[in-house]
Each structure stands twice: as structure tokens, then as C-alpha cells.
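The data block below is final10.cif; it holds mmCIF, C-alpha atoms.
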data_query
loop_
_atom_site.label_atom_id
_atom_site.label_comp_id
_atom_site.auth_asym_id
_atom_site.auth_seq_id
_atom_site.Cartn_x
_atom_site.Cartn_y
_atom_site.Cartn_z
CA MET A 15 0.00 0.00 0.00
CA LYS A 16 1.37 3.38 -1.00
CA GLN A 17 1.35 6.10 1.60
CA PRO A 18 0.21 9.54 0.34
CA ALA A 19 3.03 12.10 0.11
CA CYS A 20 5.79 9.60 0.92
CA GLU A 21 8.81 10.30 -1.26
CA LEU A 22 9.92 6.65 -1.16
CA CYS A 23 6.47 5.45 -2.22
CA ASP A 24 6.38 8.04 -5.02
CA ALA A 25 9.95 7.77 -6.38
CA GLU A 26 12.89 5.35 -6.55
CA GLY A 27 14.97 7.37 -4.07
CA GLY A 28 18.15 7.32 -6.20
CA ARG A 29 19.62 5.76 -9.35
CA LEU A 30 18.28 2.24 -9.48
CA VAL A 31 20.86 -0.55 -9.32
CA LEU A 32 18.30 -3.32 -9.07
CA SER A 33 14.98 -4.16 -7.53
CA ASP A 34 12.88 -7.21 -6.77
CA GLU A 35 9.51 -7.91 -5.23
CA TRP A 36 10.63 -6.84 -1.74
CA LEU A 37 13.27 -4.15 -2.02
CA ARG A 38 15.49 -2.06 -4.24
CA VAL A 39 19.10 -0.86 -4.19
CA VAL A 40 19.86 2.65 -5.44
CA LEU A 41 22.93 4.84 -5.68
CA VAL A 42 22.52 8.29 -4.18
CA ASP A 43 23.56 11.12 -6.46
CA ASP A 44 25.67 12.96 -3.85
CA PRO A 45 28.72 14.58 -5.48
CA GLU A 46 30.73 14.40 -2.23
CA PHE A 47 29.89 10.76 -1.43
CA PRO A 48 30.41 8.61 -4.53
CA GLY A 49 29.21 5.09 -3.84
CA PHE A 50 26.64 6.13 -1.23
CA ALA A 51 23.85 3.56 -1.63
CA ARG A 52 20.41 3.02 -0.16
CA VAL A 53 18.54 -0.21 0.32
CA ILE A 54 14.84 0.60 0.38
CA TRP A 55 12.00 -1.71 1.38
CA ASN A 56 9.35 -1.40 -1.31
CA GLU A 57 6.33 -1.49 0.97
CA HIS A 58 5.64 1.51 3.22
CA VAL A 59 6.83 0.05 6.53
CA ARG A 60 8.08 2.21 9.39
CA GLU A 61 10.49 0.21 11.55
CA MET A 62 12.67 -2.91 11.23
CA SER A 63 10.58 -4.48 14.01
CA ASP A 64 7.48 -4.12 11.80
CA LEU A 65 8.98 -6.71 9.42
CA GLY A 66 8.83 -10.45 9.94
CA PRO A 67 12.08 -12.35 10.67
CA GLY A 68 12.51 -13.52 7.07
CA GLU A 69 11.93 -10.00 5.75
CA GLN A 70 14.39 -8.53 8.25
CA GLN A 71 16.99 -11.04 7.20
CA ARG A 72 16.43 -10.43 3.50
CA LEU A 73 16.83 -6.69 3.99
CA MET A 74 19.94 -6.95 6.16
CA LEU A 75 21.64 -9.50 3.90
CA THR A 76 21.16 -7.02 1.06
CA VAL A 77 22.63 -4.19 3.15
CA PHE A 78 25.65 -6.35 3.97
CA ALA A 79 26.04 -7.35 0.30
CA VAL A 80 26.17 -3.66 -0.65
CA GLU A 81 28.75 -3.10 2.09
CA ARG A 82 30.91 -5.95 0.75
CA ALA A 83 30.70 -4.55 -2.77
CA GLN A 84 31.70 -1.07 -1.57
CA ARG A 85 34.65 -2.51 0.33
CA ALA A 86 35.79 -4.54 -2.67
CA VAL A 87 35.51 -1.70 -5.19
CA LEU A 88 36.22 1.46 -3.17
CA ALA A 89 38.28 0.28 -0.17
CA PRO A 90 36.72 2.80 2.25
CA ALA A 91 38.20 3.53 5.67
CA LYS A 92 34.81 2.55 7.16
CA VAL A 93 31.30 1.75 6.03
CA ASN A 94 28.45 3.54 7.81
CA LEU A 95 25.05 1.87 8.06
CA ALA A 96 21.99 3.77 9.22
CA SER A 97 18.23 3.45 9.24
CA LEU A 98 16.88 6.76 10.51
CA GLY A 99 13.65 7.78 8.75
CA ASN A 100 12.71 10.71 10.96
CA VAL A 101 11.81 12.78 7.90
CA THR A 102 10.71 9.90 5.65
CA PRO A 103 9.43 7.07 7.85
CA HIS A 104 9.56 4.48 5.06
CA LEU A 105 12.13 1.82 5.87
CA HIS A 106 15.44 2.52 4.10
CA TRP A 107 19.09 1.89 4.90
CA HIS A 108 21.90 4.29 4.11
CA VAL A 109 25.10 2.38 3.21
CA ILE A 110 27.88 4.93 3.03
CA PRO A 111 31.53 4.32 2.19
CA ARG A 112 33.59 6.72 4.29
CA PHE A 113 37.12 7.99 3.68
CA ALA A 114 39.57 9.82 5.93
CA ASP A 115 39.56 12.70 3.43
CA ASP A 116 35.80 13.00 2.96
CA ALA A 117 33.92 16.20 3.83
CA HIS A 118 32.56 15.01 7.20
CA PHE A 119 35.05 12.39 8.43
CA PRO A 120 35.24 11.23 11.20
CA GLY A 121 31.80 12.64 11.99
CA SER A 122 28.63 11.17 10.54
CA ILE A 123 27.61 12.55 7.13
CA TRP A 124 24.91 14.48 9.03
CA SER A 125 27.49 16.15 11.30
CA ALA A 126 29.23 19.47 10.72
CA ARG A 127 31.40 19.66 7.64
CA GLN A 128 35.13 19.15 8.35
CA CYS A 129 36.86 19.99 5.05
CA ALA A 130 36.48 20.45 1.31
CA PRO A 131 37.26 17.09 -0.30
CA ASP A 132 39.86 16.83 -3.07
CA PRO A 133 38.02 16.89 -6.45
CA ALA A 134 40.61 14.53 -7.98
CA GLN A 135 39.97 11.89 -5.30
CA LEU A 136 36.22 12.25 -5.78
CA ALA A 137 36.68 11.82 -9.54
CA VAL A 138 38.64 8.60 -9.00
CA ARG A 139 35.87 7.23 -6.79
CA ARG A 140 33.17 8.34 -9.23
CA SER A 141 34.99 6.54 -12.04
CA ARG A 142 34.41 3.25 -10.17
CA LEU A 143 30.63 3.54 -9.89
CA GLY A 144 29.98 1.35 -12.93
CA THR A 145 32.14 -1.36 -11.37
CA LEU A 146 30.34 -0.87 -8.07
CA ARG A 147 26.94 -1.42 -9.68
CA VAL A 148 28.14 -4.74 -11.12
CA ALA A 149 29.76 -5.72 -7.82
CA ILE A 150 26.55 -5.06 -5.87
CA ALA A 151 24.49 -7.16 -8.27
CA ALA A 152 27.05 -9.99 -8.08
CA ARG A 153 26.92 -10.12 -4.27
CA LEU A 154 23.19 -9.95 -3.65
CA PRO A 155 21.67 -12.86 -1.77
CA ALA A 156 19.77 -15.25 -4.05
CA ALA A 157 16.03 -14.71 -4.11
CA ASP A 158 13.99 -17.66 -2.79
CA MET B 13 41.72 -10.20 20.93
CA LYS B 14 41.72 -6.77 22.49
CA GLN B 15 42.88 -3.90 20.36
CA PRO B 16 45.19 -1.42 22.12
CA ALA B 17 43.59 1.97 22.82
CA CYS B 18 40.10 0.89 21.72
CA GLU B 19 37.54 2.36 24.08
CA LEU B 20 35.10 -0.51 23.44
CA CYS B 21 37.77 -3.10 24.19
CA ASP B 22 38.76 -1.23 27.36
CA ALA B 23 35.33 -0.31 28.77
CA GLU B 24 31.68 -1.41 28.64
CA GLY B 25 30.63 1.64 26.59
CA GLY B 26 27.63 2.48 28.78
CA ARG B 27 25.57 1.16 31.69
CA LEU B 28 25.42 -2.58 31.21
CA VAL B 29 21.96 -4.09 30.69
CA LEU B 30 23.26 -7.55 29.92
CA SER B 31 26.04 -9.37 28.17
CA ASP B 32 26.80 -12.82 26.88
CA GLU B 33 29.68 -14.55 25.14
CA TRP B 34 29.20 -12.57 21.91
CA LEU B 35 27.78 -9.15 22.68
CA ARG B 36 26.49 -6.75 25.26
CA VAL B 37 23.64 -4.24 25.51
CA VAL B 38 24.25 -0.96 27.34
CA LEU B 39 22.25 2.18 28.03
CA VAL B 40 24.04 5.38 27.07
CA ASP B 41 24.11 8.00 29.80
CA ASP B 42 22.97 10.90 27.59
CA PRO B 43 20.72 13.30 29.54
CA GLU B 44 18.90 14.42 26.39
CA PHE B 45 18.29 10.92 24.99
CA PRO B 46 16.87 8.69 27.73
CA GLY B 47 16.63 5.12 26.47
CA PHE B 48 19.49 5.49 23.95
CA ALA B 49 21.04 2.01 23.85
CA ARG B 50 24.05 0.42 22.21
CA VAL B 51 24.55 -3.16 21.16
CA ILE B 52 28.28 -3.84 21.12
CA TRP B 53 30.02 -6.89 19.66
CA ASN B 54 32.49 -8.08 22.29
CA GLU B 55 35.31 -8.97 19.92
CA HIS B 56 37.17 -6.17 18.17
CA VAL B 57 35.62 -6.49 14.69
CA ARG B 58 35.39 -3.59 12.26
CA GLU B 59 32.47 -4.12 9.90
CA MET B 60 29.26 -6.17 9.78
CA SER B 61 30.66 -7.95 6.73
CA ASP B 62 33.58 -9.19 8.86
CA LEU B 63 31.12 -11.33 10.84
CA GLY B 64 29.84 -14.70 9.72
CA PRO B 65 26.14 -15.06 8.82
CA GLY B 66 25.16 -16.53 12.19
CA GLU B 67 27.01 -13.77 14.03
CA GLN B 68 25.40 -11.07 11.89
CA GLN B 69 21.99 -12.52 12.61
CA ARG B 70 22.64 -12.77 16.35
CA LEU B 71 23.71 -9.13 16.47
CA MET B 72 20.82 -7.81 14.38
CA LEU B 73 18.19 -9.83 16.27
CA THR B 74 19.51 -8.22 19.44
CA VAL B 75 19.32 -4.75 17.87
CA PHE B 76 15.72 -5.40 16.81
CA ALA B 77 14.87 -6.75 20.29
CA VAL B 78 16.14 -3.50 21.82
CA GLU B 79 14.07 -1.55 19.29
CA ARG B 80 10.93 -3.52 20.23
CA ALA B 81 11.56 -2.88 23.93
CA GLN B 82 12.02 0.86 23.32
CA ARG B 83 8.80 1.01 21.31
CA ALA B 84 6.87 -0.87 23.99
CA VAL B 85 8.16 1.20 26.92
CA LEU B 86 8.79 4.66 25.46
CA ALA B 87 6.52 4.87 22.36
CA PRO B 88 9.01 6.93 20.34
CA ALA B 89 8.05 8.70 17.11
CA LYS B 90 10.83 6.74 15.38
CA VAL B 91 13.73 4.47 16.25
CA ASN B 92 17.10 5.28 14.68
CA LEU B 93 19.59 2.46 14.06
CA ALA B 94 23.19 3.20 13.12
CA SER B 95 26.54 1.44 12.93
CA LEU B 96 29.11 4.13 12.16
CA GLY B 97 32.41 3.53 13.96
CA ASN B 98 34.49 6.18 12.21
CA VAL B 99 36.02 7.23 15.53
CA THR B 100 35.84 3.83 17.26
CA PRO B 101 36.00 1.11 14.60
CA HIS B 102 34.78 -1.63 16.94
CA LEU B 103 31.41 -2.92 15.80
CA HIS B 104 28.58 -1.29 17.77
CA TRP B 105 25.00 -0.33 17.00
CA HIS B 106 23.30 2.81 18.24
CA VAL B 107 19.60 2.19 18.93
CA ILE B 108 18.03 5.56 19.59
CA PRO B 109 14.39 6.28 20.45
CA ARG B 110 13.49 9.60 18.83
CA PHE B 111 10.71 12.02 19.74
CA ALA B 112 9.24 14.99 17.91
CA ASP B 113 10.27 17.21 20.84
CA ASP B 114 13.86 15.94 21.21
CA ALA B 115 16.85 18.26 20.79
CA HIS B 116 17.75 17.19 17.24
CA PHE B 117 14.48 15.98 15.69
CA PRO B 118 13.94 15.44 12.78
CA GLY B 119 17.69 15.48 12.11
CA SER B 120 19.99 12.69 13.21
CA ILE B 121 21.33 13.01 16.77
CA TRP B 122 24.63 14.04 15.11
CA SER B 123 22.97 16.90 13.21
CA ALA B 124 22.66 20.50 14.35
CA ARG B 125 20.63 21.03 17.50
CA GLN B 126 17.04 22.14 16.85
CA CYS B 127 15.66 23.04 20.29
CA ALA B 128 16.06 22.69 24.04
CA PRO B 129 13.97 19.70 25.12
CA ASP B 130 11.41 20.03 27.91
CA PRO B 131 13.02 18.84 31.19
CA ALA B 132 9.68 17.46 32.42
CA GLN B 133 9.31 15.25 29.33
CA LEU B 134 12.90 14.03 29.73
CA ALA B 135 12.20 13.23 33.38
CA VAL B 136 9.15 11.15 32.42
CA ARG B 137 11.24 9.19 29.93
CA ARG B 138 14.08 8.74 32.41
CA SER B 139 11.61 7.38 34.97
CA ARG B 140 10.95 4.47 32.58
CA LEU B 141 14.54 3.31 32.21
CA GLY B 142 14.20 0.59 34.85
CA THR B 143 11.21 -0.79 32.96
CA LEU B 144 13.15 -0.51 29.71
CA ARG B 145 16.02 -2.61 31.10
CA VAL B 146 13.60 -5.38 32.05
CA ALA B 147 11.82 -5.10 28.69
CA ILE B 148 15.09 -5.44 26.77
CA ALA B 149 16.10 -8.53 28.73
CA ALA B 150 12.66 -10.08 28.18
CA ARG B 151 12.82 -9.64 24.42
CA LEU B 152 16.35 -10.84 23.69
CA PRO B 153 16.68 -13.78 21.33
CA ALA B 154 17.43 -17.02 23.14
CA ALA B 155 21.10 -18.01 23.16
CA ASP B 156 21.84 -21.27 21.33
#
Kindly transcribe the structure held in the file into C-alpha cells.
Amino acid sequence: MKQPACELCDAEGGRLVLSDEWLRVVLVDDPEFPGFARVIWNEHVREMSDLGPGEQQRLMLTVFAVERAQRAVLAPAKVNLASLGNVTPHLHWHVIPRFADDAHFPGSIWSARQCAPDPAQLAVRRSRLGTLRVAIAARLPAAD
Amino acid sequence: MKQPACELCDAEGGRLVLSDEWLRVVLVDDPEFPGFARVIWNEHVREMSDLGPGEQQRLMLTVFAVERAQRAVLAPAKVNLASLGNVTPHLHWHVIPRFADDAHFPGSIWSARQCAPDPAQLAVRRSRLGTLRVAIAARLPAAD
């Protein structure tokens, strides 16, 4: 059931990598965070504890597959995982590769800005996004 | 194996609710976020994808149990889940009950402050922390 005026019911929420009956993986078009992905539950559900155990596991295995793909392709200093949803309470996971030279490190991406990232480094990371898309698809858990 | 100078190898990381062989649940002593909990993997592991599937599931089921306890006892507007670890790369989950009147809502707790929360409301929430501790313990997944 779609929820009126929910931006994740109305739109993909990023550049689609792939989707199935339950969820979709998108890349976020953030110029300062190349490789930032979201895993979005298709149905309008609020909290992880509103899903059944099998649904929870399917969603988390997808989040971890995206993390593994990011690590393999981008070699981040750390991967940040977050399900917040205070503004858009439609279950979605942020999967964010973090680098020591990124604009907010070591704070969260929602924290105060720390520096202006090097455009050349960002360009290198952006050049790997095609590879990342393939790597995510290759690591996804098999559908039942 | 303990990691030198890791604050989650050296200390509990909060007021202990319970612990087992694999992980522990603590309440964070943050005066503005009563009920803020962390689920901390005991071993010094960096990323979720460094755990095996059974370990990942054990950790996430504990996170979701804490979320269910927070919802039952505190009725938050939203629960925020996050594994960041940029400063302390020792696997730990923040499980944060959020309220429309809290200091950072609807931003993340790491975002700019929005308001000064009402001390009376905070006191009501703090008065439920004993109940929350019991509720967390009651909802934890059974150990194998």
C-alpha cells in the first residue's frame, strides 16, 4: 500500500541498481559521497521491528552485500550503516563508504562539515561507480 | 583479541543491561536521549561484513529486540539504528528512540541542535529506564 506524500512510495529514491519484489538498491547522487547507496524496502513500513524475521533477514543480507561490494571496489576507511527515517518514515538503509579525506570524516555525514574534499579523489571514486553497480548485483543474496 | 587503545575493548561503553559470550547491551548516559542504547560486539571487529552469517543474525536480532523494547516502553516517534564507527572502529549499533520534541528531531542526533527539550518530558522518559532494562532482557533472542 502506497502512503500519500511519501517520497519513497512516489519515487525510486536514487539511481536504481536493481529491484525485486521486496526491495530495491539505489545509488545516491551525492557529489561528495560517490558510492553512497540506499537499500529501500518497497512497501511503506516504518520500523525494522514491523517486518517479519525472514523479511528482516532479506533486507539486512542485502545491506551487507552492498557493504561488501563497496569494500571490494572502493576500499573505504569505514562503512556507515543507518536506518533513521525521521523525515521519511519508510524503511530505508543508508550504506555509506567513508574515507579519511571526505567532507565530514570522522563525523557522521549528518554532522558538521570538516573539510572540502579533493576533487581529484572524488573523480577517482566516481569513475568506479559502474564497477560498483556490477559488484553489488554480483553479491546480492539469491532470491527464494 | 583486544585492540590497544580501543575504548570498546577497554570499557563497557555504557551502563550494562546484559552481556553474553558474543555481545552486550548498554544504556548510554545521555541526559537528552533517555533510552538510547548500544549493542556492542564483544570482539574487536570492524564491519558487519567481517562477521559470519550466524554472528550477523545474532547481532541484528539483538538490535531489533532493543528496538521492540524501546517502542513498547517509550513509544518513540521513530527508532534510529546506526553502525558508524568512524572514531571507534569496533562494531557497535546505536539504537536511539526519537521524539518529535527531542533536541535534534527530525535530524539525526549528530545533526545540528534544533531546540532545548522540555526537562519534564525528559524526566518522564528517564523514569521508565528501569522498565526498559527489564523489557530489553525479556525480548532478547534465546542463546543457542
Just need the residues of chain A within 9 Å of chain B, counting all atoms listed in the file, so spit them out as an mmCIF file with C-alpha atoms, in the frame of the given file.
data_model
loop_
_atom_site.group_PDB
_atom_site.id
_atom_site.type_symbol
_atom_site.label_atom_id
_atom_site.label_comp_id
_atom_site.auth_asym_id
_atom_site.auth_seq_id
_atom_site.Cartn_x
_atom_site.Cartn_y
_atom_site.Cartn_z
ATOM 1 C CA ARG A 60 8.080 2.210 9.390
ATOM 2 C CA GLU A 61 10.490 0.210 11.550
ATOM 3 C CA MET A 62 12.670 -2.910 11.230
ATOM 4 C CA SER A 63 10.580 -4.480 14.010
ATOM 5 C CA PRO A 67 12.080 -12.350 10.670
ATOM 6 C CA GLN A 70 14.390 -8.530 8.250
ATOM 7 C CA GLN A 71 16.990 -11.040 7.200
ATOM 8 C CA MET A 74 19.940 -6.950 6.160
ATOM 9 C CA LEU A 75 21.640 -9.500 3.900
ATOM 10 C CA PHE A 78 25.650 -6.350 3.970
ATOM 11 C CA ALA A 79 26.040 -7.350 0.300
ATOM 12 C CA GLU A 81 28.750 -3.100 2.090
ATOM 13 C CA ARG A 82 30.910 -5.950 0.750
ATOM 14 C CA ALA A 91 38.200 3.530 5.670
ATOM 15 C CA LYS A 92 34.810 2.550 7.160
ATOM 16 C CA VAL A 93 31.300 1.750 6.030
ATOM 17 C CA ASN A 94 28.450 3.540 7.810
ATOM 18 C CA LEU A 95 25.050 1.870 8.060
ATOM 19 C CA ALA A 96 21.990 3.770 9.220
ATOM 20 C CA SER A 97 18.230 3.450 9.240
ATOM 21 C CA LEU A 98 16.880 6.760 10.510
ATOM 22 C CA GLY A 99 13.650 7.780 8.750
ATOM 23 C CA ASN A 100 12.710 10.710 10.960
ATOM 24 C CA VAL A 101 11.810 12.780 7.900
ATOM 25 C CA PRO A 103 9.430 7.070 7.850
ATOM 26 C CA ARG A 112 33.590 6.720 4.290
ATOM 27 C CA ALA A 114 39.570 9.820 5.930
ATOM 28 C CA PHE A 119 35.050 12.390 8.430
ATOM 29 C CA PRO A 120 35.240 11.230 11.200
ATOM 30 C CA GLY A 121 31.800 12.640 11.990
ATOM 31 C CA SER A 122 28.630 11.170 10.540
ATOM 32 C CA ILE A 123 27.610 12.550 7.130
ATOM 33 C CA TRP A 124 24.910 14.480 9.030
ATOM 34 C CA SER A 125 27.490 16.150 11.300
ATOM 35 C CA ALA A 126 29.230 19.470 10.720
#
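Atom pair CA of Ala25 (chain A) / CA of Glu46 (chain A) has a distance of 22.2 Å (rounded to one decimal).
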Quick one: chain A onto chain B, least squares on all Cα paired in order, result as a short mmCIF file (atom, residue, chain, number, x, y, z; two decimals) with C-alpha atoms, in the coordinates of the input?
data_model
loop_
_atom_site.label_atom_id
_atom_site.label_comp_id
_atom_site.auth_asym_id
_atom_site.auth_seq_id
_atom_site.Cartn_x
_atom_site.Cartn_y
_atom_site.Cartn_z
CA MET A 15 41.69 -10.21 20.91
CA LYS A 16 41.71 -6.77 22.48
CA GLN A 17 42.87 -3.90 20.34
CA PRO A 18 45.21 -1.42 22.10
CA ALA A 19 43.60 1.97 22.82
CA CYS A 20 40.11 0.89 21.71
CA GLU A 21 37.53 2.36 24.07
CA LEU A 22 35.10 -0.51 23.43
CA CYS A 23 37.77 -3.11 24.18
CA ASP A 24 38.77 -1.23 27.35
CA ALA A 25 35.34 -0.31 28.76
CA GLU A 26 31.68 -1.39 28.64
CA GLY A 27 30.63 1.64 26.58
CA GLY A 28 27.61 2.49 28.78
CA ARG A 29 25.55 1.14 31.69
CA LEU A 30 25.42 -2.59 31.22
CA VAL A 31 21.97 -4.10 30.70
CA LEU A 32 23.26 -7.57 29.93
CA SER A 33 26.04 -9.37 28.17
CA ASP A 34 26.81 -12.84 26.87
CA GLU A 35 29.70 -14.54 25.13
CA TRP A 36 29.19 -12.58 21.89
CA LEU A 37 27.79 -9.16 22.68
CA ARG A 38 26.49 -6.75 25.27
CA VAL A 39 23.63 -4.25 25.53
CA VAL A 40 24.25 -0.97 27.35
CA LEU A 41 22.27 2.17 28.03
CA VAL A 42 24.03 5.38 27.08
CA ASP A 43 24.10 8.00 29.81
CA ASP A 44 22.95 10.90 27.60
CA PRO A 45 20.72 13.29 29.56
CA GLU A 46 18.90 14.43 26.39
CA PHE A 47 18.29 10.92 25.00
CA PRO A 48 16.87 8.68 27.73
CA GLY A 49 16.64 5.13 26.46
CA PHE A 50 19.49 5.49 23.96
CA ALA A 51 21.05 2.01 23.86
CA ARG A 52 24.06 0.42 22.21
CA VAL A 53 24.54 -3.16 21.17
CA ILE A 54 28.27 -3.85 21.11
CA TRP A 55 30.02 -6.89 19.67
CA ASN A 56 32.49 -8.07 22.29
CA GLU A 57 35.31 -8.96 19.93
CA HIS A 58 37.19 -6.15 18.16
CA VAL A 59 35.63 -6.49 14.70
CA ARG A 60 35.41 -3.59 12.26
CA GLU A 61 32.48 -4.13 9.89
CA MET A 62 29.25 -6.16 9.78
CA SER A 63 30.66 -7.96 6.72
CA ASP A 64 33.58 -9.18 8.86
CA LEU A 65 31.12 -11.33 10.85
CA GLY A 66 29.82 -14.70 9.74
CA PRO A 67 26.12 -15.05 8.82
CA GLY A 68 25.15 -16.52 12.20
CA GLU A 69 27.01 -13.76 14.04
CA GLN A 70 25.39 -11.07 11.89
CA GLN A 71 21.99 -12.51 12.61
CA ARG A 72 22.62 -12.76 16.34
CA LEU A 73 23.72 -9.13 16.46
CA MET A 74 20.83 -7.82 14.38
CA LEU A 75 18.20 -9.83 16.26
CA THR A 76 19.51 -8.21 19.44
CA VAL A 77 19.32 -4.74 17.88
CA PHE A 78 15.73 -5.40 16.82
CA ALA A 79 14.86 -6.74 20.30
CA VAL A 80 16.14 -3.49 21.82
CA GLU A 81 14.07 -1.55 19.29
CA ARG A 82 10.94 -3.51 20.23
CA ALA A 83 11.56 -2.88 23.92
CA GLN A 84 12.03 0.86 23.32
CA ARG A 85 8.81 1.00 21.31
CA ALA A 86 6.88 -0.88 23.99
CA VAL A 87 8.16 1.19 26.92
CA LEU A 88 8.79 4.66 25.45
CA ALA A 89 6.53 4.86 22.37
CA PRO A 90 9.02 6.92 20.33
CA ALA A 91 8.05 8.70 17.11
CA LYS A 92 10.84 6.73 15.38
CA VAL A 93 13.73 4.47 16.25
CA ASN A 94 17.11 5.27 14.69
CA LEU A 95 19.60 2.48 14.07
CA ALA A 96 23.19 3.20 13.12
CA SER A 97 26.53 1.45 12.93
CA LEU A 98 29.10 4.14 12.16
CA GLY A 99 32.42 3.53 13.95
CA ASN A 100 34.49 6.18 12.21
CA VAL A 101 36.02 7.22 15.52
CA THR A 102 35.85 3.82 17.25
CA PRO A 103 36.00 1.11 14.59
CA HIS A 104 34.79 -1.64 16.94
CA LEU A 105 31.41 -2.93 15.80
CA HIS A 106 28.58 -1.29 17.77
CA TRP A 107 25.00 -0.32 17.00
CA HIS A 108 23.31 2.83 18.25
CA VAL A 109 19.60 2.19 18.94
CA ILE A 110 18.02 5.55 19.61
CA PRO A 111 14.39 6.28 20.46
CA ARG A 112 13.49 9.59 18.83
CA PHE A 113 10.71 12.02 19.75
CA ALA A 114 9.24 14.99 17.90
CA ASP A 115 10.29 17.20 20.82
CA ASP A 116 13.85 15.94 21.21
CA ALA A 117 16.85 18.26 20.80
CA HIS A 118 17.75 17.18 17.24
CA PHE A 119 14.48 15.96 15.69
CA PRO A 120 13.94 15.42 12.78
CA GLY A 121 17.68 15.49 12.11
CA SER A 122 19.99 12.70 13.21
CA ILE A 123 21.35 13.02 16.76
CA TRP A 124 24.65 14.02 15.10
CA SER A 125 22.99 16.90 13.21
CA ALA A 126 22.66 20.50 14.36
CA ARG A 127 20.64 21.03 17.50
CA GLN A 128 17.03 22.12 16.84
CA CYS A 129 15.65 23.03 20.29
CA ALA A 130 16.06 22.71 24.04
CA PRO A 131 13.99 19.71 25.12
CA ASP A 132 11.40 20.04 27.90
CA PRO A 133 13.01 18.85 31.18
CA ALA A 134 9.66 17.46 32.40
CA GLN A 135 9.31 15.24 29.32
CA LEU A 136 12.89 14.04 29.73
CA ALA A 137 12.18 13.23 33.39
CA VAL A 138 9.15 11.15 32.41
CA ARG A 139 11.24 9.19 29.92
CA ARG A 140 14.08 8.76 32.42
CA SER A 141 11.61 7.39 34.96
CA ARG A 142 10.93 4.47 32.58
CA LEU A 143 14.53 3.31 32.23
CA GLY A 144 14.19 0.59 34.86
CA THR A 145 11.19 -0.79 32.96
CA LEU A 146 13.15 -0.52 29.72
CA ARG A 147 16.02 -2.59 31.11
CA VAL A 148 13.58 -5.37 32.05
CA ALA A 149 11.81 -5.11 28.69
CA ILE A 150 15.08 -5.44 26.77
CA ALA A 151 16.09 -8.53 28.74
CA ALA A 152 12.64 -10.08 28.18
CA ARG A 153 12.83 -9.64 24.40
CA LEU A 154 16.35 -10.83 23.69
CA PRO A 155 16.69 -13.77 21.33
CA ALA A 156 17.44 -17.04 23.14
CA ALA A 157 21.09 -18.01 23.16
CA ASP A 158 21.87 -21.27 21.32
#
Expected axis-aligned box over every listed atom of region 112-116 of chain A, 8 Å added per side, centre plus edges in Å to one decimal, as AutoDock Vina command-line options:
--center_x 36.6 --center_y 9.9 --center_z 4.4 --size_x 22.0 --size_y 22.3 --size_z 19.0
Would you list the contacts of Val31 (chain A) as a PyMOL selection string, taking every protein, DNA or RNA residue within 7 Å and counting all atoms listed in the file, but skipping same-chain residues closer than 6 positions in sequence? chain A and resi 39-41+147
Identify which of the residues A:Ile150, A:Leu105, A:Ala137, A:Ala19 lies closest to Ile54 (chain A), counting all atoms listed in the file when measuring atom-to-atom distances.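 Under the stated criterion, the closest residue is A:Leu105.
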Work out how far CA of Gly66 (chain B) is from CA of Ala51 (chain A), in Å to one decimal.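 Distance reported for this atom pair: 24.4 Å.
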Mind telling me what the PyMOL selection byres ((chain A and resi 27) around 9) catches here, as a short mmCIF file (atom, residue, chain, number, x, y, z; two decimals) with C-alpha atoms, keeping the file's coordinate frame?
data_model
loop_
_atom_site.label_atom_id
_atom_site.label_comp_id
_atom_site.auth_asym_id
_atom_site.auth_seq_id
_atom_site.Cartn_x
_atom_site.Cartn_y
_atom_site.Cartn_z
CA GLU A 21 8.81 10.30 -1.26
CA LEU A 22 9.92 6.65 -1.16
CA CYS A 23 6.47 5.45 -2.22
CA ASP A 24 6.38 8.04 -5.02
CA ALA A 25 9.95 7.77 -6.38
CA GLU A 26 12.89 5.35 -6.55
CA GLY A 28 18.15 7.32 -6.20
CA ARG A 29 19.62 5.76 -9.35
CA LEU A 30 18.28 2.24 -9.48
CA VAL A 40 19.86 2.65 -5.44
CA LEU A 41 22.93 4.84 -5.68
CA VAL A 42 22.52 8.29 -4.18
CA ARG A 52 20.41 3.02 -0.16
CA ILE A 54 14.84 0.60 0.38
#
